[in-house]
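Source file: work-v2.txt (compact mmCIF, C-alpha atoms)
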# COMPACT_ATOMS: atom_id res chain seq x y z
CA MET A 77 -92.30 2.53 31.17
CA ASP A 78 -94.38 4.83 28.99
CA TYR A 79 -96.95 5.10 31.79
CA PHE A 80 -94.57 7.45 33.57
CA SER A 81 -93.36 10.71 32.13
CA SER A 82 -90.32 10.37 29.89
CA HIS A 83 -88.37 12.53 32.36
CA ILE A 84 -89.08 10.12 35.20
CA SER A 85 -88.23 7.10 33.02
CA ASP A 86 -84.98 8.76 32.05
CA LEU A 87 -84.07 9.49 35.68
CA VAL A 88 -84.92 5.91 36.69
CA GLU A 89 -82.72 4.62 33.88
CA GLN A 90 -79.84 6.90 34.88
CA LEU A 91 -80.09 5.89 38.52
CA SER A 92 -80.23 2.15 37.72
CA SER A 93 -76.88 2.46 35.97
CA LEU A 94 -75.26 3.13 39.36
CA PRO A 95 -73.67 0.11 41.06
CA GLY A 96 -75.95 -1.79 43.42
CA ILE A 97 -79.03 0.19 42.39
CA GLY A 98 -81.67 -2.05 40.80
CA SER A 99 -84.72 -0.84 38.91
CA LYS A 100 -86.97 -0.92 41.99
CA THR A 101 -84.53 1.10 44.10
CA ALA A 102 -84.00 3.49 41.19
CA GLN A 103 -87.75 4.02 40.98
CA ARG A 104 -87.97 4.64 44.71
CA LEU A 105 -85.07 7.13 44.55
CA ALA A 106 -86.53 8.89 41.49
CA PHE A 107 -89.89 9.44 43.17
CA PHE A 108 -88.15 10.62 46.31
CA ILE A 109 -86.12 13.15 44.34
CA ILE A 110 -89.24 14.39 42.55
CA SER A 111 -91.16 14.76 45.80
CA GLN A 112 -88.44 16.94 47.34
CA PRO A 113 -88.31 20.74 47.11
CA GLU A 114 -86.84 21.88 43.81
CA GLU A 115 -83.71 23.43 45.35
CA LYS A 116 -82.84 20.12 47.04
CA ALA A 117 -82.92 18.25 43.72
CA LYS A 118 -80.86 21.02 42.13
CA ARG A 119 -78.34 20.88 44.93
CA LEU A 120 -77.90 17.13 44.43
CA ALA A 121 -77.41 17.64 40.70
CA ALA A 122 -74.94 20.47 41.29
CA SER A 123 -72.88 18.42 43.73
CA ILE A 124 -72.61 15.61 41.16
CA VAL A 125 -71.28 18.00 38.54
CA ALA A 126 -68.99 19.77 41.03
CA ALA A 127 -67.49 16.53 42.31
CA ARG A 128 -66.93 15.17 38.81
CA THR A 129 -65.43 18.34 37.34
CA ASN A 130 -63.30 19.55 40.25
CA VAL A 131 -61.83 16.35 41.53
CA ARG A 132 -58.39 15.22 40.44
CA TYR A 133 -55.59 12.95 41.59
CA CYS A 134 -53.18 14.16 44.29
CA LYS A 135 -49.79 14.67 42.64
CA CYS A 136 -48.15 12.91 45.53
CA CYS A 137 -50.29 9.98 46.73
CA CYS A 138 -52.74 9.71 43.79
CA THR A 139 -55.87 9.88 45.96
CA LEU A 140 -58.86 11.86 44.74
CA THR A 141 -58.87 15.46 45.93
CA ASP A 142 -59.61 18.98 44.69
CA ALA A 143 -56.20 20.53 45.30
CA GLU A 144 -52.86 19.79 43.65
CA ILE A 145 -51.71 18.03 46.83
CA CYS A 146 -54.29 16.33 49.07
CA PRO A 147 -54.89 17.45 52.71
CA ILE A 148 -53.02 14.42 54.08
CA CYS A 149 -49.88 14.85 51.95
CA SER A 150 -49.79 18.59 52.63
CA ASN A 151 -50.23 18.15 56.40
CA PRO A 152 -46.82 18.85 58.01
CA LYS A 153 -47.77 16.70 61.03
CA ARG A 154 -47.98 13.51 58.96
CA ASP A 155 -44.96 11.23 58.95
CA LYS A 156 -43.77 11.24 55.32
CA SER A 157 -41.31 8.37 55.94
CA THR A 158 -44.11 5.79 56.23
CA ILE A 159 -46.30 5.08 53.21
CA MET A 160 -49.38 2.88 53.42
CA VAL A 161 -50.30 1.44 50.03
CA VAL A 162 -54.08 0.96 49.55
CA GLU A 163 -56.22 -0.02 46.56
CA THR A 164 -58.84 2.74 46.65
CA PRO A 165 -59.56 6.12 48.30
CA ARG A 166 -62.28 4.29 50.26
CA ASP A 167 -59.63 2.08 51.85
CA LEU A 168 -57.71 5.24 52.74
CA ALA A 169 -60.91 6.59 54.32
CA ALA A 170 -61.32 3.39 56.33
CA TYR A 171 -57.84 3.76 57.88
CA GLU A 172 -58.29 7.52 58.39
CA LYS A 173 -61.42 6.80 60.42
CA THR A 174 -59.31 4.90 62.96
CA GLY A 175 -57.56 8.22 63.61
CA LYS A 176 -54.40 6.38 64.71
CA TYR A 177 -52.33 6.16 61.53
CA GLU A 178 -49.83 9.01 61.35
CA GLY A 179 -48.09 8.24 58.06
CA VAL A 180 -49.14 9.04 54.51
CA TYR A 181 -50.78 6.91 51.83
CA HIS A 182 -50.38 5.79 48.27
CA VAL A 183 -53.56 4.95 46.35
CA LEU A 184 -53.11 2.36 43.58
CA HIS A 185 -56.63 2.74 42.12
CA GLY A 186 -56.98 -0.99 41.63
CA ALA A 187 -55.16 -4.25 42.11
CA ILE A 188 -53.31 -6.55 39.73
CA SER A 189 -55.80 -9.03 38.27
CA PRO A 190 -54.75 -11.27 35.38
CA MET A 191 -58.40 -12.44 35.23
CA LEU A 192 -59.66 -8.92 34.50
CA GLY A 193 -56.61 -8.08 32.41
CA ILE A 194 -55.31 -5.51 34.92
CA GLY A 195 -51.50 -5.55 34.92
CA PRO A 196 -48.91 -3.67 37.01
CA ASP A 197 -48.92 -0.81 34.49
CA ASP A 198 -52.65 -0.24 34.92
CA ILE A 199 -52.36 0.76 38.58
CA ARG A 200 -50.36 3.62 40.15
CA LEU A 201 -47.20 1.59 40.80
CA LYS A 202 -44.82 3.75 38.78
CA GLU A 203 -45.83 6.74 40.91
CA LEU A 204 -45.11 4.72 44.06
CA MET A 205 -41.62 3.77 42.84
CA THR A 206 -40.89 7.42 42.01
CA ARG A 207 -41.84 8.38 45.56
CA LEU A 208 -39.63 5.65 47.03
CA SER A 209 -36.64 6.76 44.95
CA SER A 210 -36.62 10.12 46.75
CA GLY A 211 -34.80 8.40 49.65
CA ASP A 212 -36.92 9.74 52.53
CA VAL A 213 -39.13 6.69 52.87
CA GLN A 214 -38.33 4.20 55.61
CA GLU A 215 -41.33 1.86 55.53
CA VAL A 216 -43.92 0.75 53.01
CA ILE A 217 -47.00 -0.80 54.64
CA ILE A 218 -48.94 -2.82 52.08
CA ALA A 219 -52.65 -2.61 52.95
CA THR A 220 -54.22 -4.02 49.80
CA ASN A 221 -57.33 -6.18 50.31
CA SER A 222 -57.00 -9.73 51.57
CA SER A 223 -58.41 -11.03 48.26
CA LEU A 224 -56.59 -12.95 45.53
CA GLU A 225 -55.95 -9.70 43.62
CA GLY A 226 -54.90 -7.85 46.77
CA GLU A 227 -52.46 -10.59 47.75
CA THR A 228 -51.01 -10.77 44.25
CA THR A 229 -50.49 -7.01 44.28
CA ALA A 230 -48.89 -7.17 47.74
CA MET A 231 -46.45 -9.86 46.58
CA TYR A 232 -45.61 -7.89 43.45
CA ILE A 233 -44.96 -4.68 45.37
CA SER A 234 -42.82 -6.39 48.00
CA ARG A 235 -40.61 -7.86 45.25
CA LEU A 236 -40.40 -4.48 43.57
CA VAL A 237 -39.46 -2.65 46.77
CA LYS A 238 -36.99 -5.25 48.13
CA PRO A 239 -33.98 -4.10 45.98
CA THR A 240 -34.35 -0.55 47.37
CA GLY A 241 -33.72 -1.85 50.91
CA ILE A 242 -36.82 -0.11 52.26
CA ARG A 243 -38.64 -2.06 55.01
CA THR A 244 -41.80 -3.58 53.52
CA THR A 245 -44.63 -4.81 55.76
CA ARG A 246 -48.09 -6.26 55.21
CA ILE A 247 -51.07 -5.58 57.49
CA ALA A 248 -51.97 -8.62 59.62
CA SER A 249 -54.49 -11.15 58.43
CA GLY A 250 -56.50 -13.12 60.98
CA VAL A 251 -59.69 -13.38 63.00
CA PRO A 252 -61.57 -10.04 63.02
CA VAL A 253 -62.14 -8.51 66.45
CA GLY A 254 -65.49 -9.67 67.79
CA GLY A 255 -65.57 -12.54 65.30
CA ASP A 256 -66.90 -15.94 66.31
CA LEU A 257 -64.34 -18.65 65.51
CA GLU A 258 -67.04 -21.08 64.41
CA ASN A 259 -68.23 -18.73 61.66
CA ILE A 260 -64.81 -17.99 60.21
CA ASP A 261 -63.48 -19.72 57.09
CA GLU A 262 -60.59 -22.19 57.23
CA VAL A 263 -58.13 -20.01 55.32
CA THR A 264 -58.55 -17.16 57.81
CA LEU A 265 -58.22 -19.56 60.74
CA LEU A 266 -54.94 -20.94 59.33
CA ARG A 267 -53.67 -17.42 58.68
CA ALA A 268 -54.47 -16.48 62.27
CA LEU A 269 -52.56 -19.54 63.47
CA ASP A 270 -49.55 -18.81 61.26
CA GLY A 271 -49.49 -15.19 62.40
CA ARG A 272 -49.81 -15.96 66.13
CA VAL A 273 -47.93 -13.64 68.49
CA VAL A 274 -46.31 -14.28 71.87
CA LEU A 275 -48.29 -12.82 74.79
CA MET B 1351 -64.24 13.51 56.12
CA ASP B 1352 -61.66 16.23 55.54
CA TYR B 1353 -59.31 13.60 54.06
CA PHE B 1354 -61.45 13.68 50.92
CA SER B 1355 -61.96 16.75 48.83
CA SER B 1356 -64.82 18.96 50.01
CA HIS B 1357 -66.60 18.26 46.72
CA ILE B 1358 -66.57 14.52 47.33
CA SER B 1359 -67.68 14.98 50.94
CA ASP B 1360 -70.52 17.17 49.75
CA LEU B 1361 -71.62 14.62 47.15
CA VAL B 1362 -71.46 11.80 49.72
CA GLU B 1363 -73.57 13.88 52.09
CA GLN B 1364 -76.12 14.66 49.38
CA LEU B 1365 -76.37 11.02 48.35
CA SER B 1366 -76.75 9.79 51.94
CA SER B 1367 -79.84 11.96 52.29
CA LEU B 1368 -81.62 9.69 49.79
CA PRO B 1369 -83.83 6.97 51.31
CA GLY B 1370 -82.11 3.63 51.87
CA ILE B 1371 -78.67 5.02 51.04
CA GLY B 1372 -76.30 4.80 54.00
CA SER B 1373 -72.93 6.51 54.26
CA LYS B 1374 -71.01 3.50 52.90
CA THR B 1375 -73.28 3.15 49.85
CA ALA B 1376 -73.16 6.91 49.33
CA GLN B 1377 -69.35 6.75 49.32
CA ARG B 1378 -69.38 3.88 46.83
CA LEU B 1379 -71.81 5.75 44.57
CA ALA B 1380 -69.83 9.00 44.82
CA PHE B 1381 -66.59 7.32 43.77
CA PHE B 1382 -68.38 5.54 40.96
CA ILE B 1383 -69.82 8.83 39.68
CA ILE B 1384 -66.38 10.48 39.85
CA SER B 1385 -64.74 7.61 38.00
CA GLN B 1386 -67.19 7.84 35.11
CA PRO B 1387 -66.70 9.98 32.01
CA GLU B 1388 -67.66 13.59 32.66
CA GLU B 1389 -70.62 13.58 30.25
CA LYS B 1390 -72.17 10.62 32.08
CA ALA B 1391 -72.07 12.45 35.40
CA LYS B 1392 -73.52 15.54 33.74
CA ARG B 1393 -76.28 13.49 32.15
CA LEU B 1394 -77.26 12.08 35.54
CA ALA B 1395 -77.30 15.59 37.02
CA ALA B 1396 -79.36 16.91 34.12
CA SER B 1397 -81.92 14.12 34.37
CA ILE B 1398 -82.40 14.90 38.08
CA VAL B 1399 -83.09 18.55 37.32
CA ALA B 1400 -85.28 17.73 34.30
CA ALA B 1401 -87.39 15.24 36.23
CA ARG B 1402 -87.82 17.57 39.18
CA THR B 1403 -88.68 20.68 37.13
CA ASN B 1404 -90.83 19.18 34.38
CA VAL B 1405 -92.90 16.69 36.26
CA ARG B 1406 -96.37 17.58 37.47
CA TYR B 1407 -99.60 15.92 38.55
CA CYS B 1408 -102.00 14.62 35.89
CA LYS B 1409 -105.11 16.84 36.01
CA CYS B 1410 -107.27 13.76 35.83
CA CYS B 1411 -105.76 10.92 37.88
CA CYS B 1412 -103.12 12.87 39.88
CA THR B 1413 -100.22 10.61 38.88
CA LEU B 1414 -96.84 12.16 38.10
CA THR B 1415 -96.37 12.98 34.44
CA ASP B 1416 -94.96 15.70 32.18
CA ALA B 1417 -98.13 16.51 30.23
CA GLU B 1418 -101.37 18.10 31.45
CA ILE B 1419 -103.07 14.70 31.14
CA CYS B 1420 -101.02 11.51 31.63
CA PRO B 1421 -100.59 8.91 28.83
CA ILE B 1422 -103.03 6.51 30.50
CA CYS B 1423 -105.84 9.05 30.99
CA SER B 1424 -105.41 10.39 27.46
CA ASN B 1425 -105.39 6.91 25.91
CA PRO B 1426 -108.79 6.46 24.15
CA LYS B 1427 -108.49 2.66 24.47
CA ARG B 1428 -108.57 2.74 28.27
CA ASP B 1429 -111.91 2.12 29.94
CA LYS B 1430 -112.76 5.35 31.74
CA SER B 1431 -115.68 3.79 33.59
CA THR B 1432 -113.37 1.78 35.87
CA ILE B 1433 -111.07 3.61 38.27
CA MET B 1434 -108.42 1.81 40.29
CA VAL B 1435 -107.42 3.79 43.39
CA VAL B 1436 -103.76 3.35 44.36
CA GLU B 1437 -101.52 5.00 46.95
CA THR B 1438 -98.51 5.91 44.80
CA PRO B 1439 -97.41 6.11 41.15
CA ARG B 1440 -95.20 3.08 41.89
CA ASP B 1441 -98.31 1.04 42.70
CA LEU B 1442 -99.77 2.21 39.39
CA ALA B 1443 -96.55 1.05 37.70
CA ALA B 1444 -96.84 -2.35 39.38
CA TYR B 1445 -100.34 -2.89 37.94
CA GLU B 1446 -99.35 -1.49 34.54
CA LYS B 1447 -96.57 -4.06 34.36
CA THR B 1448 -99.17 -6.84 34.44
CA GLY B 1449 -100.42 -5.41 31.13
CA LYS B 1450 -103.93 -6.76 31.82
CA TYR B 1451 -105.72 -3.86 33.48
CA GLU B 1452 -107.72 -1.85 30.95
CA GLY B 1453 -109.24 0.80 33.18
CA VAL B 1454 -107.77 4.06 34.48
CA TYR B 1455 -106.25 4.97 37.84
CA HIS B 1456 -106.48 7.47 40.62
CA VAL B 1457 -103.32 8.13 42.63
CA LEU B 1458 -103.91 9.24 46.22
CA HIS B 1459 -100.26 10.09 47.00
CA GLY B 1460 -100.45 8.54 50.42
CA ALA B 1461 -102.85 6.80 52.77
CA ILE B 1462 -104.81 7.93 55.80
CA SER B 1463 -102.63 7.50 58.88
CA PRO B 1464 -103.75 8.97 62.21
CA MET B 1465 -100.34 7.92 63.60
CA LEU B 1466 -98.47 10.13 61.12
CA GLY B 1467 -101.15 12.80 61.21
CA ILE B 1468 -102.23 12.20 57.61
CA GLY B 1469 -105.97 12.80 57.31
CA PRO B 1470 -108.41 12.40 54.39
CA ASP B 1471 -107.71 15.99 53.30
CA ASP B 1472 -103.98 15.31 52.91
CA ILE B 1473 -104.43 12.76 50.12
CA ARG B 1474 -106.10 13.21 46.72
CA LEU B 1475 -109.58 12.14 47.81
CA LYS B 1476 -111.38 15.34 46.85
CA GLU B 1477 -110.12 14.91 43.27
CA LEU B 1478 -111.44 11.32 43.28
CA MET B 1479 -114.89 12.44 44.42
CA THR B 1480 -114.95 15.13 41.71
CA ARG B 1481 -114.19 12.46 39.09
CA LEU B 1482 -116.93 10.20 40.45
CA SER B 1483 -119.50 13.02 40.35
CA SER B 1484 -119.17 13.18 36.55
CA GLY B 1485 -121.50 10.17 36.34
CA ASP B 1486 -119.49 8.07 33.86
CA VAL B 1487 -117.81 5.87 36.45
CA GLN B 1488 -119.26 2.42 37.04
CA GLU B 1489 -116.68 0.82 39.33
CA VAL B 1490 -114.07 1.95 41.84
CA ILE B 1491 -111.45 -0.71 42.55
CA ILE B 1492 -109.63 0.12 45.78
CA ALA B 1493 -106.04 -1.11 45.47
CA THR B 1494 -104.42 0.56 48.46
CA ASN B 1495 -101.78 -1.48 50.29
CA SER B 1496 -102.79 -4.28 52.59
CA SER B 1497 -101.30 -2.38 55.55
CA LEU B 1498 -103.13 -0.75 58.45
CA GLU B 1499 -103.06 2.61 56.64
CA GLY B 1500 -104.10 1.07 53.33
CA GLU B 1501 -107.03 -0.77 54.91
CA THR B 1502 -108.14 2.34 56.78
CA THR B 1503 -108.07 4.31 53.55
CA ALA B 1504 -109.98 1.57 51.72
CA MET B 1505 -112.70 1.58 54.39
CA TYR B 1506 -112.89 5.37 54.29
CA ILE B 1507 -113.22 5.48 50.51
CA SER B 1508 -115.83 2.73 50.39
CA ARG B 1509 -117.99 4.67 52.88
CA LEU B 1510 -117.49 7.86 50.89
CA VAL B 1511 -118.43 6.24 47.58
CA LYS B 1512 -121.39 4.18 48.85
CA PRO B 1513 -123.96 7.07 48.76
CA THR B 1514 -123.18 7.63 45.05
CA GLY B 1515 -124.34 4.06 44.24
CA ILE B 1516 -121.13 3.30 42.31
CA ARG B 1517 -119.91 -0.30 42.68
CA THR B 1518 -116.89 -0.33 45.03
CA THR B 1519 -114.53 -3.31 45.14
CA ARG B 1520 -111.30 -4.16 46.96
CA ILE B 1521 -108.49 -6.23 45.44
CA ALA B 1522 -108.31 -9.71 46.98
CA SER B 1523 -106.11 -10.39 49.97
CA GLY B 1524 -104.69 -13.89 50.46
CA VAL B 1525 -101.79 -16.23 49.87
CA PRO B 1526 -99.40 -14.85 47.21
CA VAL B 1527 -98.90 -17.06 44.16
CA GLY B 1528 -95.90 -19.32 44.74
CA GLY B 1529 -96.08 -18.67 48.49
CA ASP B 1530 -95.45 -21.48 50.95
CA LEU B 1531 -98.32 -21.76 53.43
CA GLU B 1532 -95.94 -22.53 56.29
CA ASN B 1533 -94.14 -19.21 55.87
CA ILE B 1534 -97.25 -17.05 55.70
CA ASP B 1535 -98.54 -15.09 58.68
CA GLU B 1536 -101.80 -15.99 60.44
CA VAL B 1537 -103.69 -12.86 59.38
CA THR B 1538 -103.04 -13.58 55.71
CA LEU B 1539 -104.04 -17.23 56.16
CA LEU B 1540 -107.33 -16.21 57.78
CA ARG B 1541 -107.95 -13.64 55.04
CA ALA B 1542 -107.35 -16.31 52.41
CA LEU B 1543 -109.83 -18.58 54.20
CA ASP B 1544 -112.46 -15.84 54.49
CA GLY B 1545 -112.05 -14.96 50.83
CA ARG B 1546 -112.20 -18.55 49.54
CA VAL B 1547 -113.91 -19.01 46.18
CA VAL B 1548 -115.95 -21.92 44.79
CA LEU B 1549 -114.03 -23.98 42.19
Target format structure tokens, applied to this file:
Amino acid sequence: MDYFSSHISDLVEQLSSLPGIGSKTAQRLAFFIISQPEEKAKRLAASIVAARTNVRYCKCCCTLTDAEICPICSNPKRDKSTIMVVETPRDLAAYEKTGKYEGVYHVLHGAISPMLGIGPDDIRLKELMTRLSSGDVQEVIIATNSSLEGETTAMYISRLVKPTGIRTTRIASGVPVGGDLENIDEVTLLRALDGRVVL
Amino acid sequence: MDYFSSHISDLVEQLSSLPGIGSKTAQRLAFFIISQPEEKAKRLAASIVAARTNVRYCKCCCTLTDAEICPICSNPKRDKSTIMVVETPRDLAAYEKTGKYEGVYHVLHGAISPMLGIGPDDIRLKELMTRLSSGDVQEVIIATNSSLEGETTAMYISRLVKPTGIRTTRIASGVPVGGDLENIDEVTLLRALDGRVVL
């Protein structure tokens, strides 16, 4: 791309290294950034550096935050006896958006995947077990994804937690609300049938 | 999003202001940036600032570059007597990728659009006319988009150039190579018919 300036080519290259951003999108974004007022571009750059340098893991739940303890763990109104285990901070965000969950979280930062070579020691399981050993926890809700890796992780955690006697639950799997039965895969349909509840 | 750190929320907000990046994609990108090594994040930030601060318009063809005259205009091998008029530097890039066009370009940075209030004075038409008045130009190839705005601009330019006696051409409009006739709109089909060539 020597027909552009080397600065533009460099920016396009940097942007295309982001997930889901192809070279065309990167080009579009680069030209958009260039066409903006200088302070806007600088603000974007500054927020990238600030987020990367100031963010760390919450000492309690391992989510990404900028304090020692994240806002959720340090909130006295949250029920510390219920821990929801999720794979990523984005999953935490998804449940927080519902506004109905009152407990706290534990972020694993991944799921067990023999295929990708990710074992139990590569995710934040040790931290979870340390939290459980404190004795205040009454329920562990496993909310890992409904994928092969998520299910494997859920099974592994439930076996790990069982000896402690703490109640271990798994979020329900079934037909999504608003979903058309005819468009839903067989595995989900069977799960929904297995998990049927009395009305 | 007070369940994230304020730095992450800020980065997500900044990223969502980019075109085509929704809040979910912005969140995904933000977490990807945070998970990368610090120098990678800093390099991305630096390339944004570098591109924005060092890029300027080529004094000749008005494309974005970091020198006074862009690499294409300053290339002695390019045929300066043929000017292809395009709307954006990305359109220039698209033609450069073909590797077959030997002439130079003129980037308008937009197209005439009465709907959006963009008139002939808002795009780089004056600069084009100044170039044409030098007397060395033999052909102006109008390669604006085949949209309403692009066609309007093409018509406007052709009328503007006509009095100078310089040959003015328009890139062909028709069925794209590899395109299935049954999936192509009527206007394109009629254009292809009108523009048929003798074999």
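Proximity ranking of A:Ala268, A:Ile194, A:Cys138, A:Ile242 relative to chain B places A:Cys138 first, based on all atoms listed in the file.
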Up to 8 Å from (-95.6, 13.7, 35.0) in the file's coordinates: name the residues, counting all atoms listed in the file, as a list in words.
-> Phe80, Ser81, His83 and Ile84 of chain A; Asn1404, Val1405, Arg1406, Tyr1407, Cys1408, Thr1413, Leu1414, Thr1415, Asp1416, Ala1417 and Cys1420 of chain B
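Taking CA of Met231 (chain A) as the reference point, CA of Ser189 (chain A) is found at 12.5 Å.
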All residues 12 Å or closer to Pro196 (chain A), all atoms listed in the file, same chain fewer than 5 positions away omitted, as an NGL selection string | :A and (184-190 or 201-205 or 225 or 228-233 or 236)
Would you mind exporting C-alpha atoms of the selected residues as a PDB file, keeping the file's coordinate frame?
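Contents of out_17.pdb, freshly written:
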ATOM      1  CA  LEU A 184     -53.110   2.360  43.580  1.00  0.00           C
ATOM      2  CA  HIS A 185     -56.630   2.740  42.120  1.00  0.00           C
ATOM      3  CA  GLY A 186     -56.980  -0.990  41.630  1.00  0.00           C
ATOM      4  CA  ALA A 187     -55.160  -4.250  42.110  1.00  0.00           C
ATOM      5  CA  ILE A 188     -53.310  -6.550  39.730  1.00  0.00           C
ATOM      6  CA  SER A 189     -55.800  -9.030  38.270  1.00  0.00           C
ATOM      7  CA  PRO A 190     -54.750 -11.270  35.380  1.00  0.00           C
ATOM      8  CA  LEU A 201     -47.200   1.590  40.800  1.00  0.00           C
ATOM      9  CA  LYS A 202     -44.820   3.750  38.780  1.00  0.00           C
ATOM     10  CA  GLU A 203     -45.830   6.740  40.910  1.00  0.00           C
ATOM     11  CA  LEU A 204     -45.110   4.720  44.060  1.00  0.00           C
ATOM     12  CA  MET A 205     -41.620   3.770  42.840  1.00  0.00           C
ATOM     13  CA  GLU A 225     -55.950  -9.700  43.620  1.00  0.00           C
ATOM     14  CA  THR A 228     -51.010 -10.770  44.250  1.00  0.00           C
ATOM     15  CA  THR A 229     -50.490  -7.010  44.280  1.00  0.00           C
ATOM     16  CA  ALA A 230     -48.890  -7.170  47.740  1.00  0.00           C
ATOM     17  CA  MET A 231     -46.450  -9.860  46.580  1.00  0.00           C
ATOM     18  CA  TYR A 232     -45.610  -7.890  43.450  1.00  0.00           C
ATOM     19  CA  ILE A 233     -44.960  -4.680  45.370  1.00  0.00           C
ATOM     20  CA  LEU A 236     -40.400  -4.480  43.570  1.00  0.00           C
TER      21      LEU A 236
END
Residue hits in chain B, query chain A, radius 7 Å, all atoms listed in the file, as a list in words = Tyr1353, Phe1354, Ser1355, His1357, Ile1358, Asp1360, Leu1361, Gln1364, Leu1368, Pro1369, Leu1379, Ile1384, Glu1388, Ala1391, Lys1392, Leu1394, Ala1395, Ala1396, Ser1397, Ile1398, Val1399, Ala1400, Ala1401, Arg1402, Leu1414, Thr1415, Asp1416, Pro1421 and Ile1422 of chain B
